[in-house]
Each structure stands twice: as C-alpha cells, then as structure tokens.
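Encoded as structure tokens, the structure appears first; notes follow it.
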Amino acid sequence: MTRAFLLVMDSVGIGGAEDADVFFNGEIPDAGANTVAHIAQACADGHAEDGRSGPLFLPNLDGLGLGAAVRLASNASTPGLNGKPIGKWGCAREHSRGKDTPSGHWELAGLPVPWDWHYFPDTVPAFPADLSQAAASAAGADGILGNCHASGTAIIAELGAEHMQSGRPICYTSADSVFQIAAHEETFGLDRLLEMCRTLSPRLHEMKVGRVIARPFVGTPDLGFTRTTNRKDFAILPPAPVLTNWVQDAGRHVYALGKIGDIFSMQGIDELYKGSDAELMQHLSKLTDEAAEGSLTFANFVEFDSLYGHRRDISGYARALEWFDREIGLILNKLCPNDLLLLTADHGNDPSWTGTDHTREQVPVLIAGQGGGEIGQVNFADIAASVAHHLNIPAQGPGRTFL
C-alpha cells in the first residue's frame, strides 16, 4: 500500500536554530536550547530519576536517526543516542517568524506563515481594555480574571476559587500568539466556554492572534484543579491550501489525530480522532491496519509539550519519550510495504531551559519505509512536498521533496 503517516512529536526539538538568538524566554535568548540533547545529558548524569532511571533509552527513535539528527543540527553530545541509523534521517529548519504550534504545523504542511503574528505584551494588564470588555461580554460576566502572561496550571491554581465564586473567566496569554480562556466545566459550563471562544475568535483572528484556546478544568479549591481533555483551539484559518487540502483535493482520505483538526480548522480533514496521547496511539495503531490506500494520517502528540516541556519537568519528558519509543516500535512493525512514516516536531520546549515558553530549535526528520541514508538539513515545507511526492499528488508552496 502507498500511504503516509506524518507524526508530530510536539516540541521535540534538537537545537541548532540559526536565528535562536532573536527568540526569547523572558530576557534570555534561546541560543543554546536543545530539548533532546539536554534531556539525554541530564539522564546520563543521573538528573532525571523520577519514575525512570539511567541513560535515555530510545532504541527505535535512535535507530531511525534521532541521535544523528541532533548531532547534525547542533553538534551536541547525545549520551545514550549513538546508534547507527537504519532509516532516512536529517534535520529541518523553520522560516516562519514564530516558535508556536500554528507556525510550525502550517509550515510542515507546506505553508510558511505569510504575516507577523500579534503578541500581547508581558504586562499587567496584557490585553487592551476593549478586548477585555468584549471577553467579559462574550462570557455574560461583569469582568475577567487574569489579564496577564501565565502558566495555565499555575493561574488555575491561583484564580480557580475566585473564578468559581465570581463567574468571571480566567483570560491569559503567553509568549505565543494566543488568547487562552480557562473556566470550570461544571460551575461555568463547557458549552458556555466554547461559545465564548467561538464569539471572540473572529475579533482576535482579525488582529492576527493565532489561536483562541478553551482551557476547561474541574476540581475544587480544597482538592485542587485539573485541566481536562476537552481543550479546543479556535485557530485562524490558513490563507492558502495546505497538505491536507492537497491530499483531499486529489480524492484521497485524510485522518487527523489530536490537535491537527483544531490547528487547520478542519480544512482538508475527513476524520478526526482526539484524546490523550495514549488514546491517540491506539487510534494510530488501528489506522495502520485500516487506513485507506493513498491516504494521509496526520497526528500531533502534544503531551511532551503540554505536560513536561512547559512545566520544565526533565524526568517527565524523558519518561514520555521512552513511552513513545516503545509504542512507535510496535507501529513500525505494522507498516505495510510502500508505507511512509515520517516523525518530526514543530518547535522545541527544552525542559532544562529558563522560563516556561517554547524554544526556537531545529527539529528531527526521521523516515521509515523509504530505505536509509542522510537527507541533510531541509526546510519544514520540504516535509509536505515529500509526503505529496510519496502519495503521487501535486504539491503547492515552496517545499521540495527529499525522497
């Protein structure tokens, strides 16, 4: 069968971005950030022993070329990741002026972002008064809480009780081009939260804010609060066709897993599967058995980023990588002849770095089912062109195939 599986390991960067010095976490530039290398080094030094132990153990990813890709991108040491690659491998650089989810995914799908995103200042308040009033009106509340840059889990812990008492939504942002709204699923209501986001989205998209994100949570002030899996991103619509459109326009089937449906506003997507990373892996396993001839399966595994990168949890990130490696080994054994499986990432999120934001890095390009050998340094958009080439469909945009 000739099928393509494009899997994004969200935030699994490998350092070496030439322009990292103009991207920041607070006042510190991202130059020197390296998600995979720094995790591997911490593991080898015995500094990532929570729930796991010893050097980073990723035999399947390293066999596809992960360690080699890190060394190509950044010349960093990769203890535990020194195997000889058996797949095609390389690294990819991003040209869009952002280190966020839409920028990375749009460009991976063949469309570099054609504008500068709008970012909110790291001040209190962060939002202009008219936007804050519009948010309150959309919620049917007398105001908003937050109105600042914040970690999502931290601001829920800080303001969750006041939110439940006042009914005011918690609105916050980050170094990304986002407007995030946290609300309690039961006392505020999930449908009300989603409708609030839907109402505000056109206004924010007109400002070139990339995403309005619903961040529902549950719990109590006494027992603590937990975000649920009912997150929904209301993303700005890509201004031109992307890989999913190319595949669908050629009469093929497109399966999306995880955040892909939200990121591309369901453009070019036939079937969507959501859930935790463990649930998404089950869906992926089923699709390796059942996906149609000539189809594209496009997946995002977000928990590296959301649970461990932003929280600067090196041990947790290492555990997630080792879990993913075990699971991807099972997937590799199920591929059909002529299938293409391509593993990559959208940006970095070095858990050893200062701050809590993404880090500007190159990403790995690891390819199974297409023989072996180094492809060198390529561009994000080349990934879309290569998937299109494999599926024998017309490609658009600036990318060039490396297959």
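Labels for the structure tokens follow display order: chains A, B, ..., residues from 1 in each chain, ligands from 1.
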
Close residues, range 335-337 of chain A itself excluded, 8 Å, only C-alpha atoms, min 4 positions apart in chain, as a list in words: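 Near range 335-337 of chain A, the qualifying residues are Met1, Thr2, Thr288, Ile331 and Gly369 of chain A.
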
Neighbour list for Leu131 in chain A as a PyMOL selection string, cut-off 9 Å, only C-alpha atoms, skip fewer than 3 positions in-chain: chain A and resi 127-128+134-136+200+203-204

Can you pull out every residue within 10 Å of Ser53 in chain A, counting only C-alpha atoms, but drop anything in the same chain fewer than 4 positions away, and send it as an mmCIF file with C-alpha atoms, in the first residue's frame?
```cif
data_model
loop_
_atom_site.group_PDB
_atom_site.id
_atom_site.type_symbol
_atom_site.label_atom_id
_atom_site.label_comp_id
_atom_site.auth_asym_id
_atom_site.auth_seq_id
_atom_site.Cartn_x
_atom_site.Cartn_y
_atom_site.Cartn_z
ATOM 1 C CA CYS A 43 19.565 11.348 32.091
ATOM 2 C CA ALA A 44 23.197 10.271 31.665
ATOM 3 C CA GLY A 46 21.582 10.933 36.893
ATOM 4 C CA HIS A 47 19.459 14.092 36.989
ATOM 5 C CA ALA A 48 16.266 12.551 35.568
ATOM 6 C CA GLU A 49 15.476 9.749 38.009
ATOM 7 C CA PHE A 57 16.759 4.723 26.170
ATOM 8 C CA SER A 315 12.218 13.353 34.129
ATOM 9 C CA ALA A 318 12.258 11.579 29.387
ATOM 10 C CA ARG A 319 9.530 9.173 30.516
#
```

Considering only C-alpha atoms, can you say which of A:Leu341, A:Val218, A:Thr244, A:Gly110 comes closest to Thr401 in chain A? A:Gly110

Fewer than 6 positions away in the same chain doesn't count, so skip those; otherwise give me all residues within 12 Å of Ser137 in chain A, counting only C-alpha atoms, as a count of residues only. 11

Near range 302-309 of chain A, counting only C-alpha atoms, which residues have an atom at most 8 Å away, once you skip same-chain residues fewer than 3 positions from it, shown as a PDB file with N, CA and C atoms, in the first residue's frame?
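As a result, selection.pdb now contains:
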```pdb
ATOM      1  N   MET A   9       5.891  15.038  16.939  1.00  0.00           N
ATOM      2  CA  MET A   9       6.213  14.908  18.360  1.00  0.00           C
ATOM      3  C   MET A   9       6.339  16.334  18.903  1.00  0.00           C
ATOM      4  N   ASP A  10       5.254  16.838  19.424  1.00  0.00           N
ATOM      5  CA  ASP A  10       5.149  18.259  19.747  1.00  0.00           C
ATOM      6  C   ASP A  10       6.270  18.691  20.690  1.00  0.00           C
ATOM      7  N   SER A  11       7.092  19.612  20.231  1.00  0.00           N
ATOM      8  CA  SER A  11       8.168  20.281  20.981  1.00  0.00           C
ATOM      9  C   SER A  11       9.462  19.497  21.076  1.00  0.00           C
ATOM     10  N   VAL A  12       9.592  18.358  20.358  1.00  0.00           N
ATOM     11  CA  VAL A  12      10.816  17.549  20.463  1.00  0.00           C
ATOM     12  C   VAL A  12      11.885  18.146  19.537  1.00  0.00           C
ATOM     13  N   GLY A 258      -5.484  14.131  17.281  1.00  0.00           N
ATOM     14  CA  GLY A 258      -5.082  15.137  18.250  1.00  0.00           C
ATOM     15  C   GLY A 258      -5.453  16.538  17.817  1.00  0.00           C
ATOM     16  N   LYS A 259      -4.507  17.474  17.966  1.00  0.00           N
ATOM     17  CA  LYS A 259      -4.757  18.899  17.724  1.00  0.00           C
ATOM     18  C   LYS A 259      -4.833  19.260  16.250  1.00  0.00           C
ATOM     19  N   SER A 276      -6.129  11.573  24.820  1.00  0.00           N
ATOM     20  CA  SER A 276      -4.786  11.635  25.381  1.00  0.00           C
ATOM     21  C   SER A 276      -3.794  11.044  24.390  1.00  0.00           C
ATOM     22  N   ASP A 277      -2.507  11.241  24.631  1.00  0.00           N
ATOM     23  CA  ASP A 277      -1.513  10.655  23.744  1.00  0.00           C
ATOM     24  C   ASP A 277      -1.629   9.137  23.711  1.00  0.00           C
ATOM     25  N   ARG A 312       8.813  22.349  32.683  1.00  0.00           N
ATOM     26  CA  ARG A 312      10.256  22.174  32.922  1.00  0.00           C
ATOM     27  C   ARG A 312      10.515  20.919  33.760  1.00  0.00           C
ATOM     28  N   ASP A 313       9.885  19.833  33.333  1.00  0.00           N
ATOM     29  CA  ASP A 313       9.976  18.537  34.009  1.00  0.00           C
ATOM     30  C   ASP A 313      10.838  17.605  33.153  1.00  0.00           C
ATOM     31  N   ILE A 314      12.132  17.540  33.452  1.00  0.00           N
ATOM     32  CA  ILE A 314      13.049  16.747  32.632  1.00  0.00           C
ATOM     33  C   ILE A 314      12.740  15.264  32.744  1.00  0.00           C
ATOM     34  N   GLY A 316       9.909  13.825  33.548  1.00  0.00           N
ATOM     35  CA  GLY A 316       8.640  13.538  32.886  1.00  0.00           C
ATOM     36  C   GLY A 316       8.783  13.512  31.379  1.00  0.00           C
ATOM     37  N   TYR A 317       9.549  14.443  30.836  1.00  0.00           N
ATOM     38  CA  TYR A 317       9.772  14.488  29.391  1.00  0.00           C
ATOM     39  C   TYR A 317      10.508  13.223  28.951  1.00  0.00           C
ATOM     40  N   ALA A 320       8.145  10.336  28.895  1.00  0.00           N
ATOM     41  CA  ALA A 320       7.253  10.418  27.735  1.00  0.00           C
ATOM     42  C   ALA A 320       7.966   9.966  26.465  1.00  0.00           C
ATOM     43  N   LEU A 321       9.217  10.370  26.291  1.00  0.00           N
ATOM     44  CA  LEU A 321       9.983   9.942  25.121  1.00  0.00           C
ATOM     45  C   LEU A 321      10.171   8.425  25.119  1.00  0.00           C
ATOM     46  N   ASN A 349      10.930  22.747  23.210  1.00  0.00           N
ATOM     47  CA  ASN A 349      10.475  23.200  24.525  1.00  0.00           C
ATOM     48  C   ASN A 349      11.409  22.574  25.551  1.00  0.00           C
ATOM     49  N   ASP A 350      12.623  23.071  25.575  1.00  0.00           N
ATOM     50  CA  ASP A 350      13.705  22.495  26.370  1.00  0.00           C
ATOM     51  C   ASP A 350      13.371  22.560  27.861  1.00  0.00           C
ATOM     52  N   PRO A 351      13.153  21.406  28.520  1.00  0.00           N
ATOM     53  CA  PRO A 351      12.756  21.438  29.931  1.00  0.00           C
ATOM     54  C   PRO A 351      13.881  21.851  30.865  1.00  0.00           C
ATOM     55  N   THR A 356       9.220  29.315  30.775  1.00  0.00           N
ATOM     56  CA  THR A 356       8.238  28.246  30.564  1.00  0.00           C
ATOM     57  C   THR A 356       7.741  28.188  29.126  1.00  0.00           C
ATOM     58  N   HIS A 358       8.104  27.938  24.709  1.00  0.00           N
ATOM     59  CA  HIS A 358       8.784  27.168  23.677  1.00  0.00           C
ATOM     60  C   HIS A 358      10.186  27.705  23.435  1.00  0.00           C
TER      61      HIS A 358
END
```

Ranking A:Met266, A:Ala240, A:Cys91, A:Leu190 by minimum distance to Phe402 in chain A and counting only C-alpha atoms, which one comes first?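 Closest to Phe402 in chain A of all the choices is A:Cys91.
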